[in-house]
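Visitor: File start-v6.cif below, mmCIF, C-alpha atoms:
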data_query
#
loop_
_atom_site.label_atom_id
_atom_site.label_comp_id
_atom_site.auth_asym_id
_atom_site.auth_seq_id
_atom_site.Cartn_x
_atom_site.Cartn_y
_atom_site.Cartn_z
CA MET A 12 0.00 0.00 0.00
CA VAL A 13 2.81 2.41 0.90
CA LEU A 14 4.76 1.55 -2.27
CA ILE A 15 1.77 2.20 -4.52
CA PHE A 16 0.91 5.41 -2.65
CA LEU A 17 4.45 6.67 -3.32
CA ILE A 18 3.93 5.93 -7.03
CA LEU A 19 0.68 7.91 -6.83
CA VAL A 20 2.54 10.89 -5.33
CA ALA A 21 5.23 10.63 -8.03
CA THR A 22 2.50 10.61 -10.68
CA TYR A 23 0.99 13.74 -9.14
CA LEU A 24 4.37 15.49 -9.33
CA LEU A 25 4.64 14.54 -13.02
CA THR A 26 1.50 16.54 -13.74
CA PHE A 27 3.49 19.73 -13.01
CA ILE A 28 6.23 18.72 -15.48
CA ILE A 29 4.35 17.17 -18.40
CA PRO A 30 2.08 19.59 -20.29
CA ALA A 31 -1.52 18.70 -21.02
CA GLY A 32 -2.39 17.65 -24.55
CA GLU A 33 -4.77 15.52 -26.55
CA PHE A 34 -5.39 13.83 -29.90
CA GLU A 35 -8.50 14.22 -31.96
CA ARG A 36 -10.62 11.08 -31.89
CA VAL A 37 -13.13 9.61 -34.30
CA THR A 38 -15.57 6.73 -34.02
CA GLN A 39 -15.22 3.90 -36.54
CA ASN A 40 -17.30 0.72 -36.36
CA GLY A 41 -18.29 1.59 -32.82
CA ARG A 42 -14.69 2.13 -31.68
CA THR A 43 -13.16 5.44 -30.65
CA MET A 44 -9.78 5.80 -32.36
CA VAL A 45 -7.03 8.42 -32.39
CA VAL A 46 -6.44 10.52 -35.52
CA PRO A 47 -2.72 10.28 -36.40
CA GLY A 48 -0.90 13.63 -36.48
CA SER A 49 -3.70 15.42 -34.63
CA PHE A 50 -1.93 15.95 -31.30
CA THR A 51 -2.12 19.46 -29.84
CA TYR A 52 -1.10 20.94 -26.51
CA LEU A 53 -3.86 22.35 -24.35
CA GLU A 54 -3.78 25.83 -22.85
CA ASN A 55 -5.08 27.02 -19.52
CA VAL A 56 -5.34 23.58 -17.90
CA ALA A 57 -5.34 24.16 -14.15
CA ASN A 58 -2.93 22.32 -11.89
CA ILE A 59 -4.44 19.55 -9.82
CA PRO A 60 -4.77 20.52 -6.13
CA LEU A 61 -2.77 18.50 -3.61
CA PHE A 62 -6.03 17.45 -1.94
CA ASN A 63 -6.96 15.53 -5.10
CA ILE A 64 -4.32 12.90 -4.31
CA PHE A 65 -6.51 11.75 -1.46
CA VAL A 66 -9.79 12.26 -3.31
CA ALA A 67 -8.41 10.12 -6.14
CA ILE A 68 -8.19 7.10 -3.83
CA PRO A 69 -11.95 6.67 -3.26
CA GLU A 70 -12.47 7.54 -6.93
CA GLY A 71 -10.00 4.79 -7.80
CA LEU A 72 -11.88 2.37 -5.56
CA VAL A 73 -15.05 3.16 -7.50
CA ALA A 74 -13.31 2.87 -10.88
CA ALA A 75 -11.79 -0.51 -9.94
CA SER A 76 -14.90 -1.78 -8.16
CA ARG A 77 -15.41 -4.80 -10.43
CA TYR A 78 -11.95 -6.08 -9.45
CA LEU A 79 -12.65 -5.52 -5.78
CA PHE A 80 -15.97 -7.32 -5.96
CA ILE A 81 -14.66 -10.40 -7.73
CA VAL A 82 -11.84 -10.62 -5.16
CA PHE A 83 -14.37 -10.45 -2.31
CA ILE A 84 -16.73 -12.97 -3.91
CA ALA A 85 -13.97 -15.37 -4.98
CA GLY A 86 -12.44 -15.09 -1.52
CA GLY A 87 -15.80 -16.10 -0.06
CA LEU A 88 -16.23 -19.00 -2.47
CA PHE A 89 -12.82 -20.48 -1.79
CA HIS A 90 -13.29 -19.99 1.95
CA ILE A 91 -16.41 -22.17 1.72
CA LEU A 92 -14.50 -24.71 -0.38
CA GLN A 93 -11.74 -24.73 2.20
CA LYS A 94 -14.21 -25.30 5.03
CA THR A 95 -15.84 -28.23 3.21
CA GLY A 96 -12.41 -29.80 2.68
CA ALA A 97 -13.41 -31.02 -0.79
CA LEU A 98 -10.84 -29.01 -2.76
CA GLU A 99 -8.06 -29.84 -0.30
CA ASN A 100 -8.97 -33.53 -0.40
CA ALA A 101 -9.05 -33.56 -4.21
CA ILE A 102 -5.64 -31.90 -4.49
CA GLY A 103 -4.18 -34.09 -1.74
CA VAL A 104 -5.35 -37.27 -3.49
CA ALA A 105 -4.13 -36.09 -6.90
CA VAL A 106 -0.66 -35.05 -5.70
CA ASN A 107 -0.31 -38.24 -3.64
CA ARG A 108 -0.95 -40.34 -6.75
CA VAL A 109 1.50 -38.35 -8.88
CA GLY A 110 4.10 -38.30 -6.12
CA VAL A 111 5.74 -35.37 -4.34
CA GLU A 112 9.11 -36.52 -5.72
CA ARG A 113 7.83 -35.37 -9.12
CA ARG A 114 7.49 -31.83 -7.81
CA ASN A 115 9.13 -30.18 -10.79
CA ILE A 116 6.84 -32.03 -13.21
CA ILE A 117 3.81 -30.83 -11.24
CA ILE A 118 5.10 -27.24 -11.39
CA VAL A 119 5.75 -27.44 -15.14
CA VAL A 120 2.35 -29.00 -15.90
CA GLY A 121 0.59 -26.54 -13.60
CA THR A 122 2.32 -23.55 -15.20
CA PHE A 123 1.37 -24.69 -18.70
CA ILE A 124 -2.25 -25.36 -17.67
CA TYR A 125 -2.55 -21.85 -16.27
CA GLY A 126 -0.79 -20.60 -19.39
CA PHE A 127 -3.43 -22.32 -21.52
CA PHE A 128 -6.17 -20.55 -19.56
CA GLY A 129 -4.38 -17.27 -20.22
CA VAL A 130 -4.13 -18.01 -23.95
CA ALA A 131 -7.68 -19.20 -24.41
CA VAL A 132 -9.78 -17.47 -21.75
CA GLY A 133 -8.08 -14.15 -20.99
CA PHE A 134 -6.45 -12.47 -18.02
CA GLU A 135 -8.97 -11.10 -15.52
CA ASN A 136 -11.35 -13.98 -16.33
CA ASN A 137 -9.01 -16.34 -14.46
CA ILE A 138 -8.65 -14.34 -11.24
CA ALA A 139 -10.52 -16.84 -9.09
CA LEU A 140 -8.34 -19.82 -10.08
CA VAL A 141 -5.31 -18.57 -8.13
CA PRO A 142 -6.17 -20.21 -4.75
CA ILE A 143 -6.10 -23.66 -6.41
CA ALA A 144 -2.43 -23.13 -7.29
CA ILE A 145 -1.72 -22.15 -3.68
CA LEU A 146 -3.06 -25.49 -2.46
CA ILE A 147 -1.09 -27.38 -5.13
CA ALA A 148 2.09 -25.60 -4.03
CA SER A 149 1.37 -26.48 -0.41
CA ALA A 150 0.79 -30.14 -1.35
CA ILE A 151 4.27 -30.39 -2.93
CA GLY A 152 5.93 -28.66 0.02
CA CYS A 153 6.33 -25.21 -1.55
CA SER A 154 5.37 -21.71 -0.45
CA SER A 155 2.35 -19.71 -1.56
CA LEU A 156 4.77 -17.67 -3.66
CA VAL A 157 5.38 -20.72 -5.85
CA GLY A 158 1.64 -21.18 -6.37
CA VAL A 159 1.21 -17.51 -7.25
CA ALA A 160 4.14 -17.68 -9.69
CA MET A 161 2.53 -20.69 -11.40
CA ALA A 162 -0.91 -19.11 -11.59
CA VAL A 163 -0.29 -15.39 -12.10
CA GLY A 164 2.87 -15.96 -14.14
CA GLY A 165 1.28 -18.67 -16.29
CA ILE A 166 -1.95 -16.74 -16.90
CA GLY A 167 -0.02 -13.52 -17.51
CA ILE A 168 2.40 -15.03 -20.02
CA GLY A 169 -0.39 -16.93 -21.78
CA PHE A 170 -2.51 -13.81 -22.13
CA ALA A 171 0.39 -11.52 -23.02
CA LEU A 172 1.70 -13.66 -25.89
CA SER A 173 -1.49 -15.44 -26.94
CA PRO A 174 -1.74 -15.98 -30.70
CA ILE A 175 -5.53 -15.56 -30.42
CA ASN A 176 -5.84 -12.63 -27.99
CA PRO A 177 -8.97 -10.73 -29.14
CA TYR A 178 -8.28 -7.75 -26.86
CA THR A 179 -4.83 -6.93 -28.23
CA VAL A 180 -4.03 -8.88 -31.41
CA GLY A 181 -7.60 -8.86 -32.71
CA VAL A 182 -8.14 -5.12 -32.22
CA ALA A 183 -4.65 -4.16 -33.44
CA GLN A 184 -4.86 -6.30 -36.58
CA GLY A 185 -8.24 -4.79 -37.39
CA ILE A 186 -6.71 -1.31 -37.25
CA ALA A 187 -3.70 -2.45 -39.32
CA GLU A 188 -5.98 -4.09 -41.91
CA LEU A 189 -4.42 -7.51 -41.45
CA PRO A 190 -6.27 -10.87 -41.35
CA THR A 191 -7.52 -11.59 -37.84
CA PHE A 192 -5.03 -13.67 -35.82
CA SER A 193 -2.64 -13.87 -38.79
CA GLY A 194 1.03 -14.45 -38.01
CA ALA A 195 0.09 -16.84 -35.21
CA TRP A 196 3.12 -19.09 -35.71
CA LEU A 197 5.62 -16.65 -34.17
CA ARG A 198 3.40 -15.82 -31.21
CA THR A 199 2.74 -19.53 -30.62
CA LEU A 200 6.44 -20.33 -30.53
CA LEU A 201 7.02 -17.35 -28.25
CA VAL A 202 4.28 -18.22 -25.75
CA VAL A 203 5.33 -21.89 -25.52
CA SER A 204 9.01 -21.04 -25.05
CA SER A 205 8.17 -18.32 -22.50
CA LEU A 206 6.02 -20.69 -20.44
CA GLY A 207 8.89 -23.19 -20.55
CA LEU A 208 11.26 -20.48 -19.33
CA LEU A 209 8.84 -19.56 -16.54
CA SER A 210 8.55 -23.20 -15.44
CA LEU A 211 12.35 -23.49 -15.27
CA TYR A 212 12.60 -20.21 -13.37
CA ILE A 213 10.04 -21.32 -10.77
CA CYS A 214 11.76 -24.69 -10.29
CA LYS A 215 15.24 -23.21 -10.00
CA ARG A 216 14.68 -19.92 -8.17
CA VAL A 217 11.19 -19.27 -6.79
CA VAL A 218 11.07 -22.67 -5.03
CA ASN A 219 14.20 -21.71 -3.08
CA MET A 220 13.15 -18.15 -2.19
CA GLU A 221 12.44 -17.30 1.43
CA PHE A 222 8.81 -16.35 1.95
CA ASP A 223 6.93 -15.65 5.18
CA GLU A 224 3.53 -17.25 4.85
CA PRO A 225 0.64 -15.03 5.97
CA ASP A 226 -1.47 -16.29 8.84
CA ASN A 227 -4.48 -16.92 6.57
CA ALA A 228 -2.54 -18.67 3.78
CA GLU A 229 -4.13 -21.73 2.17
CA SER A 230 -2.30 -24.95 3.08
CA LEU A 231 -2.83 -28.67 3.51
CA SER A 232 -3.78 -29.73 7.01
CA LYS A 233 -2.46 -33.32 7.06
CA PRO A 234 0.00 -35.70 5.37
CA LEU A 235 -0.76 -36.63 1.76
CA SER A 236 -1.22 -40.31 2.57
CA GLU A 237 -4.23 -39.51 4.76
CA TYR A 238 -6.31 -37.85 2.05
CA SER A 239 -9.36 -39.49 0.49
CA LEU A 240 -12.53 -38.37 -1.28
CA THR A 241 -16.03 -38.91 0.09
CA LYS A 242 -19.16 -38.95 -2.06
CA ARG A 243 -19.95 -35.44 -0.81
CA ASP A 244 -16.45 -34.28 -1.79
CA ILE A 245 -16.90 -35.70 -5.29
CA LEU A 246 -20.32 -34.04 -5.66
CA THR A 247 -18.84 -30.74 -4.43
CA MET A 248 -16.01 -30.91 -6.97
CA VAL A 249 -18.40 -31.87 -9.78
CA VAL A 250 -20.47 -28.76 -9.03
CA PHE A 251 -17.33 -26.60 -8.82
CA VAL A 252 -15.88 -27.89 -12.09
CA GLY A 253 -19.30 -27.63 -13.71
CA GLY A 254 -19.43 -23.99 -12.67
CA LEU A 255 -16.02 -23.35 -14.22
CA ILE A 256 -17.17 -24.98 -17.46
CA ALA A 257 -20.30 -22.82 -17.46
CA MET A 258 -18.06 -19.79 -16.91
CA LEU A 259 -15.90 -20.72 -19.92
CA VAL A 260 -18.97 -21.26 -22.11
CA GLY A 261 -20.28 -17.86 -21.09
CA VAL A 262 -16.94 -16.18 -21.80
CA PHE A 263 -16.64 -17.74 -25.26
CA THR A 264 -20.25 -17.63 -26.44
CA ARG A 265 -21.97 -14.81 -24.56
CA GLY A 266 -19.17 -12.30 -23.97
CA TRP A 267 -19.17 -12.68 -20.20
CA TYR A 268 -16.64 -10.67 -18.21
CA ILE A 269 -15.87 -10.04 -14.56
CA ASN A 270 -19.38 -9.24 -13.30
CA GLU A 271 -20.94 -12.35 -14.88
CA ILE A 272 -18.08 -14.50 -13.60
CA ALA A 273 -18.58 -13.10 -10.11
CA GLY A 274 -22.27 -14.04 -10.43
CA VAL A 275 -21.29 -17.61 -11.30
CA PHE A 276 -19.08 -17.76 -8.22
CA LEU A 277 -21.93 -16.57 -6.01
CA ILE A 278 -24.15 -19.35 -7.37
CA LEU A 279 -21.36 -21.89 -6.77
CA ALA A 280 -20.90 -20.67 -3.20
CA ILE A 281 -24.60 -21.14 -2.48
CA LEU A 282 -24.78 -24.60 -4.11
CA ILE A 283 -21.59 -25.88 -2.48
CA GLY A 284 -22.67 -24.54 0.89
CA ALA A 285 -26.06 -26.26 0.57
CA ILE A 286 -24.49 -29.57 -0.53
CA ASN A 287 -22.31 -29.50 2.58
CA GLY A 288 -25.18 -28.80 4.98
CA LEU A 289 -24.73 -25.08 5.56
CA SER A 290 -27.80 -23.00 6.36
CA ALA A 291 -28.50 -19.73 4.55
CA ASN A 292 -27.00 -17.82 7.47
CA GLY A 293 -24.04 -20.21 7.49
CA ILE A 294 -23.33 -19.59 3.81
CA VAL A 295 -23.47 -15.81 4.30
CA LYS A 296 -21.19 -16.04 7.33
CA GLN A 297 -18.60 -18.07 5.40
CA LEU A 298 -18.80 -15.65 2.46
CA MET A 299 -18.20 -12.73 4.81
CA GLU A 300 -15.25 -14.43 6.49
CA GLY A 301 -13.69 -15.21 3.12
CA ALA A 302 -14.21 -11.67 1.89
CA ALA A 303 -12.71 -10.25 5.08
CA SER A 304 -9.55 -12.32 4.61
CA VAL A 305 -8.76 -10.63 1.27
CA THR A 306 -9.85 -7.09 2.18
CA ALA A 307 -6.32 -5.68 2.46
CA GLY A 308 -5.32 -6.95 -0.97
CA ALA A 309 -8.57 -5.76 -2.52
CA LEU A 310 -8.11 -2.23 -1.20
CA VAL A 311 -4.65 -2.08 -2.78
CA ILE A 312 -6.37 -2.42 -6.17
CA GLY A 313 -8.34 0.76 -5.53
CA VAL A 314 -5.28 2.70 -4.42
CA ALA A 315 -3.47 1.62 -7.60
CA ALA A 316 -6.44 2.67 -9.74
CA SER A 317 -6.14 6.18 -8.32
CA ILE A 318 -2.92 6.60 -10.34
CA GLN A 319 -4.90 6.59 -13.57
CA VAL A 320 -7.48 8.92 -12.04
CA ILE A 321 -4.77 11.57 -11.54
CA LEU A 322 -3.39 11.04 -15.05
CA GLU A 323 -6.82 11.50 -16.61
CA GLN A 324 -7.56 14.61 -14.57
CA ALA A 325 -4.26 16.19 -15.65
CA LEU A 326 -4.87 15.35 -19.35
CA ILE A 327 -1.28 14.18 -19.83
CA ILE A 328 -1.80 10.61 -21.10
CA ASP A 329 -1.96 11.70 -24.75
CA THR A 330 1.13 13.86 -24.25
CA ILE A 331 3.05 10.84 -22.99
CA VAL A 332 1.85 8.64 -25.87
CA ASN A 333 2.81 11.27 -28.45
CA ALA A 334 6.29 11.78 -26.98
CA LEU A 335 7.02 8.06 -26.72
CA SER A 336 5.83 7.33 -30.26
CA THR A 337 8.42 9.72 -31.67
CA LEU A 338 11.22 7.63 -30.14
CA ILE A 339 10.77 4.97 -32.84
CA ASP A 340 11.43 7.35 -35.75
CA GLY A 341 14.92 7.14 -37.22
CA ILE A 342 15.85 3.83 -35.60
CA PRO A 343 17.16 1.03 -37.88
CA SER A 344 14.19 -1.18 -38.75
CA VAL A 345 15.76 -4.28 -37.18
CA PHE A 346 15.74 -2.53 -33.78
CA ALA A 347 12.57 -0.49 -34.24
CA ALA A 348 10.40 -3.41 -33.09
CA ILE A 349 12.40 -3.70 -29.86
CA MET A 350 12.02 0.02 -29.18
CA ALA A 351 8.31 -0.25 -29.99
CA SER A 352 7.89 -2.98 -27.35
CA VAL A 353 9.65 -0.78 -24.78
CA VAL A 354 7.47 2.20 -25.69
CA GLN A 355 4.29 0.12 -25.43
CA GLY A 356 5.41 -1.22 -22.06
CA VAL A 357 5.79 2.31 -20.69
CA ILE A 358 2.44 3.39 -22.18
CA ASN A 359 0.79 0.38 -20.51
CA LEU A 360 1.49 1.98 -17.13
CA PHE A 361 -0.79 4.86 -18.15
CA ILE A 362 -3.33 2.93 -20.26
CA PRO A 363 -3.60 -0.50 -18.56
CA SER A 364 -6.11 -1.87 -21.06
CA GLY A 365 -5.00 -3.94 -24.03
CA SER A 366 -7.82 -2.96 -26.35
CA GLY A 367 -7.78 0.64 -25.11
CA GLN A 368 -4.06 0.90 -25.70
CA ALA A 369 -4.41 -0.59 -29.19
CA LEU A 370 -7.09 1.97 -30.10
CA VAL A 371 -4.87 4.83 -28.89
CA THR A 372 -1.44 3.76 -30.14
CA MET A 373 -1.95 1.62 -33.24
CA PRO A 374 -3.33 4.44 -35.44
CA ILE A 375 -0.10 6.32 -34.60
CA LEU A 376 2.43 3.49 -34.74
CA ILE A 377 1.19 1.60 -37.81
CA PRO A 378 2.15 4.54 -40.08
CA VAL A 379 5.46 4.79 -38.16
CA ALA A 380 6.11 1.12 -38.97
CA ASP A 381 5.51 1.79 -42.66
CA LEU A 382 7.94 4.73 -42.57
CA VAL A 383 10.81 2.87 -40.88
CA GLY A 384 10.42 -0.27 -43.01
CA MET A 385 9.00 -2.48 -40.27
CA SER A 386 6.15 -4.83 -41.15
CA ARG A 387 2.77 -4.09 -39.62
CA GLN A 388 2.62 -7.66 -38.34
CA LEU A 389 5.87 -7.16 -36.43
CA MET A 390 4.67 -3.85 -34.98
CA ILE A 391 1.57 -5.60 -33.66
CA THR A 392 3.69 -8.33 -32.05
CA ALA A 393 5.92 -5.65 -30.51
CA PHE A 394 2.80 -3.94 -29.16
CA GLN A 395 1.52 -7.24 -27.76
CA ILE A 396 4.83 -7.95 -26.00
CA GLY A 397 5.11 -4.48 -24.50
CA ASP A 398 1.49 -4.28 -23.42
CA GLY A 399 1.08 -7.85 -22.22
CA LEU A 400 4.29 -8.61 -20.35
CA THR A 401 4.24 -5.42 -18.32
CA ASN A 402 0.81 -6.40 -16.94
CA LEU A 403 2.78 -8.70 -14.62
CA ILE A 404 4.55 -5.82 -12.87
CA ILE A 405 2.70 -2.51 -13.29
CA PRO A 406 0.67 -1.31 -10.27
CA THR A 407 -2.17 -0.11 -12.52
CA SER A 408 -3.04 -3.65 -13.65
CA GLY A 409 -6.13 -4.39 -11.60
CA GLY A 410 -6.23 -8.04 -12.68
CA THR A 411 -2.69 -8.71 -11.45
CA LEU A 412 -3.31 -7.04 -8.09
CA ALA A 413 -6.56 -8.97 -7.69
CA MET A 414 -4.73 -12.27 -8.23
CA LEU A 415 -2.01 -11.28 -5.76
CA ALA A 416 -4.72 -10.41 -3.24
CA LEU A 417 -6.26 -13.87 -3.52
CA GLY A 418 -2.81 -15.45 -3.30
CA ARG A 419 -1.93 -13.44 -0.15
CA VAL A 420 1.29 -12.20 -1.76
CA SER A 421 2.09 -8.49 -1.50
CA TYR A 422 3.00 -6.38 -4.51
CA ALA A 423 6.52 -5.81 -3.14
CA GLN A 424 7.06 -9.55 -2.60
CA TRP A 425 5.81 -10.25 -6.11
CA LEU A 426 8.20 -7.75 -7.69
CA LYS A 427 11.14 -9.29 -5.86
CA ALA A 428 10.20 -12.72 -7.20
CA ILE A 429 9.25 -11.89 -10.78
CA LEU A 430 11.59 -9.08 -11.89
CA PRO A 431 14.57 -11.34 -12.75
CA PHE A 432 12.26 -13.46 -14.90
CA MET A 433 10.94 -10.33 -16.63
CA VAL A 434 14.49 -9.51 -17.75
CA MET A 435 14.88 -13.00 -19.21
CA VAL A 436 11.49 -13.15 -20.96
CA TYR A 437 12.00 -9.73 -22.49
CA GLY A 438 15.35 -10.91 -23.83
CA LEU A 439 13.63 -13.94 -25.34
CA ALA A 440 10.87 -11.79 -26.83
CA TRP A 441 13.37 -9.36 -28.37
CA VAL A 442 15.22 -12.24 -30.01
CA ALA A 443 11.88 -13.37 -31.46
CA LEU A 444 11.25 -9.87 -32.84
CA ILE A 445 14.66 -9.79 -34.52
CA ILE A 446 14.06 -13.24 -36.03
CA GLY A 447 10.63 -12.10 -37.22
CA HIS A 448 12.18 -9.12 -38.98
CA LEU A 449 14.90 -11.23 -40.61
CA VAL A 450 12.50 -13.87 -41.95
CA GLY A 451 9.97 -11.38 -43.34
CA TYR A 452 7.28 -11.96 -40.72
CA SER A 453 4.72 -9.77 -42.51
CA ALA A 454 4.19 -12.40 -45.24
CA GLN A 455 3.54 -15.20 -42.77
CA TYR A 456 -0.24 -15.48 -42.49
#
Could you rewrite the structure in this file as structure tokens?

Guide:
Amino acid sequence: MVLIFLILVATYLLTFIIPAGEFERVTQNGRTMVVPGSFTYLENVANIPLFNIFVAIPEGLVAASRYLFIVFIAGGLFHILQKTGALENAIGVAVNRVGVERRNIIIVVGTFIYGFFGVAVGFENNIALVPIAILIASAIGCSSLVGVAMAVGGIGIGFALSPINPYTVGVAQGIAELPTFSGAWLRTLLVVSSLGLLSLYICKRVVNMEFDEPDNAESLSKPLSEYSLTKRDILTMVVFVGGLIAMLVGVFTRGWYINEIAGVFLILAILIGAINGLSANGIVKQLMEGAASVTAGALVIGVAASIQVILEQALIIDTIVNALSTLIDGIPSVFAAIMASVVQGVINLFIPSGSGQALVTMPILIPVADLVGMSRQLMITAFQIGDGLTNLIIPTSGGTLAMLALGRVSYAQWLKAILPFMVMVYGLAWVALIIGHLVGYSAQY
């Protein structure tokens, strides 16, 4: 909380240095897009009062409310699951059959499964699956940090580099007039190799990191050999898995997002509570206890969202985008894609929405790509890398902070664990961009 508040103060100070400005915007096919070359500085924009730093925090809580609510509801659902013992029993039985001695295999498989969810389902849509990874990590004798690295890292990498990401690739390719999801081969190779790198990193480094478990951390309560599944446990898990399947169907076929997913979790909490003999009051009590256990992490999301509130009030986001986009001009085309990924990563701090960032930056950077001799396909991949990977570390990513809240891992602890990996995965991604340029990636549909 203190770390993110300091970032908020630093952002406020930037508003006195960076002048206000804006692009003209037009609506095309229901989407609001920036007009390239239309940037102008704004006159007579008043400075933001110091008091607004503190007003921005409740405004940020309101703006990020959907993330807060799904954290509270998912925290309640998994608290009920924990009390029934069904999820713990299922994981205990599964790990016992695989064998703790195959710990690294379990970590690799788990990371790739979460990566698949990131590729196919999205980022925020998987928030509530994090506690499962915590229990798996506990079952193999690892800290909650290992479980969070598997879940948040796997989902984040899968979403960031997904060959079929509709929020980033789909929107950007529409703006660039390229076939939807074309050029998937390079992104597929990149996401698979990055998940492999993440698995190795977790096994070699995160497993050995010191981590003080919070008092309310999820963990197994008995030796693996003592776990078994009752008929009630099996019924509970069938309902839980059925709910997850219904969630996926809704996401893919009906456009469900966080609010609908939270509704599914409420239904699951009620059904699972009833199956396990809880009264209506008992279900509500367990939901409240679960929500209370993740309150601190949920509130951090609102404080982080206040950063964007200040940026929007100061009208400096467009100024930052315009200044960063000029950095790509004049760079040799083989390195322009790397610089573009860096630029997009910085912009993601100020516009933490993949589709929103595409609508703001792609109309500007696609013509830049044409001018410097970079293929449009490669520019889109550079955008995807810069936007997606930084979601794992920026404090304005509500989805990431929500997952950390459910995993009981603080933002500072997460940065300490994940930053070395970020250096390695960026190196891997930059090599992929250079290879893409050398092999004429634009022609690969």

Visitor: Per residue of segment 66-185 of chain A within 10 Å of segment 211-225 of chain A, what are the shortest atom pair and its distance in Å to one decimal, counting all atoms listed in the file, with rows by chain and residue number, as a Markdown table?

Guide:
| residue | atom | partner | partner_atom | distance |
| --- | --- | --- | --- | --- |
| A:Arg114 | CA | A:Cys214 | CA | 8.7 |
| A:Asn115 | CA | A:Cys214 | CA | 6.1 |
| A:Ile116 | CA | A:Cys214 | CA | 9.3 |
| A:Ile118 | CA | A:Cys214 | CA | 7.2 |
| A:Val119 | CA | A:Leu211 | CA | 7.7 |
| A:Thr122 | CA | A:Ile213 | CA | 9.2 |
| A:Ala148 | CA | A:Val218 | CA | 9.5 |
| A:Gly152 | CA | A:Val218 | CA | 9.4 |
| A:Cys153 | CA | A:Val218 | CA | 6.4 |
| A:Ser154 | CA | A:Phe222 | CA | 6.8 |
| A:Ser155 | CA | A:Glu224 | CA | 7.0 |
| A:Leu156 | CA | A:Phe222 | CA | 7.0 |
| A:Val157 | CA | A:Val217 | CA | 6.1 |
| A:Gly158 | CA | A:Ile213 | CA | 9.5 |
| A:Ala160 | CA | A:Ile213 | CA | 7.0 |
| A:Met161 | CA | A:Ile213 | CA | 7.6 |
| A:Gly164 | CA | A:Ile213 | CA | 9.6 |

Visitor: Just the selected residues (C-alpha atoms), exported as a JSON list (two decimals), in the frame of the given file, please.

Guide:
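Saved to again_37.json:
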[["chain", "number", "residue", "atom", "x", "y", "z"],
["A", 114, "ARG", "CA", 7.49, -31.83, -7.81],
["A", 115, "ASN", "CA", 9.13, -30.18, -10.79],
["A", 116, "ILE", "CA", 6.84, -32.03, -13.21],
["A", 118, "ILE", "CA", 5.10, -27.24, -11.39],
["A", 119, "VAL", "CA", 5.75, -27.44, -15.14],
["A", 122, "THR", "CA", 2.32, -23.55, -15.20],
["A", 148, "ALA", "CA", 2.09, -25.60, -4.03],
["A", 152, "GLY", "CA", 5.93, -28.66, 0.02],
["A", 153, "CYS", "CA", 6.33, -25.21, -1.55],
["A", 154, "SER", "CA", 5.37, -21.71, -0.45],
["A", 155, "SER", "CA", 2.35, -19.71, -1.56],
["A", 156, "LEU", "CA", 4.77, -17.67, -3.66],
["A", 157, "VAL", "CA", 5.38, -20.72, -5.85],
["A", 158, "GLY", "CA", 1.64, -21.18, -6.37],
["A", 160, "ALA", "CA", 4.14, -17.68, -9.69],
["A", 161, "MET", "CA", 2.53, -20.69, -11.40],
["A", 164, "GLY", "CA", 2.87, -15.96, -14.14]]

Visitor: Tell me which residues the PyMOL selection byres ((chain A and resi 423-427) around 9) grabs here, as an MDAnalysis selection string.

Guide: chainID A and resid 14 156 159:160 222 403:404 415 420:422 428:431

Visitor: Output the selection as a PDB file, keeping the file's coordinate frame - C-alpha atoms for each residue.

Guide:
ATOM      1  CA  LEU A  14       4.760   1.550  -2.270  1.00  0.00           C
ATOM      2  CA  LEU A 156       4.770 -17.670  -3.660  1.00  0.00           C
ATOM      3  CA  VAL A 159       1.210 -17.510  -7.250  1.00  0.00           C
ATOM      4  CA  ALA A 160       4.140 -17.680  -9.690  1.00  0.00           C
ATOM      5  CA  PHE A 222       8.810 -16.350   1.950  1.00  0.00           C
ATOM      6  CA  LEU A 403       2.780  -8.700 -14.620  1.00  0.00           C
ATOM      7  CA  ILE A 404       4.550  -5.820 -12.870  1.00  0.00           C
ATOM      8  CA  LEU A 415      -2.010 -11.280  -5.760  1.00  0.00           C
ATOM      9  CA  VAL A 420       1.290 -12.200  -1.760  1.00  0.00           C
ATOM     10  CA  SER A 421       2.090  -8.490  -1.500  1.00  0.00           C
ATOM     11  CA  TYR A 422       3.000  -6.380  -4.510  1.00  0.00           C
ATOM     12  CA  ALA A 428      10.200 -12.720  -7.200  1.00  0.00           C
ATOM     13  CA  ILE A 429       9.250 -11.890 -10.780  1.00  0.00           C
ATOM     14  CA  LEU A 430      11.590  -9.080 -11.890  1.00  0.00           C
ATOM     15  CA  PRO A 431      14.570 -11.340 -12.750  1.00  0.00           C
TER      16      PRO A 431
END

Visitor: Within 9 Å of (-0.4, -23.1, -16.6) in the file's own coordinates, which protein, DNA or RNA residues have an atom, counting all atoms listed in the file? List them as a list of chain:residue names.

Guide: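 Residues lying no farther than 9 Å from the given point: A:Ile118, A:Val119, A:Val120, A:Gly121, A:Thr122, A:Phe123, A:Ile124, A:Tyr125, A:Gly126, A:Phe127, A:Phe128, A:Gly129, A:Met161, A:Ala162, A:Val163, A:Gly164, A:Gly165, A:Ile166, A:Gly169, A:Leu206.
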
Visitor: With distances taken over only C-alpha atoms, which residue among A:Phe34, A:Phe65, A:Tyr78, A:Trp196 lies nearest Ser49 of chain A?

Guide: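 Between A:Phe34, A:Phe65, A:Tyr78, A:Trp196, the residue approaching Ser49 of chain A most closely is A:Phe34.
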
Visitor: Which residue out of A:Ile18, A:Ala369, A:Ala351, A:Leu79 has the minimum interatomic distance to Met390 of chain A when only C-alpha atoms are used?

Guide: A:Ala351
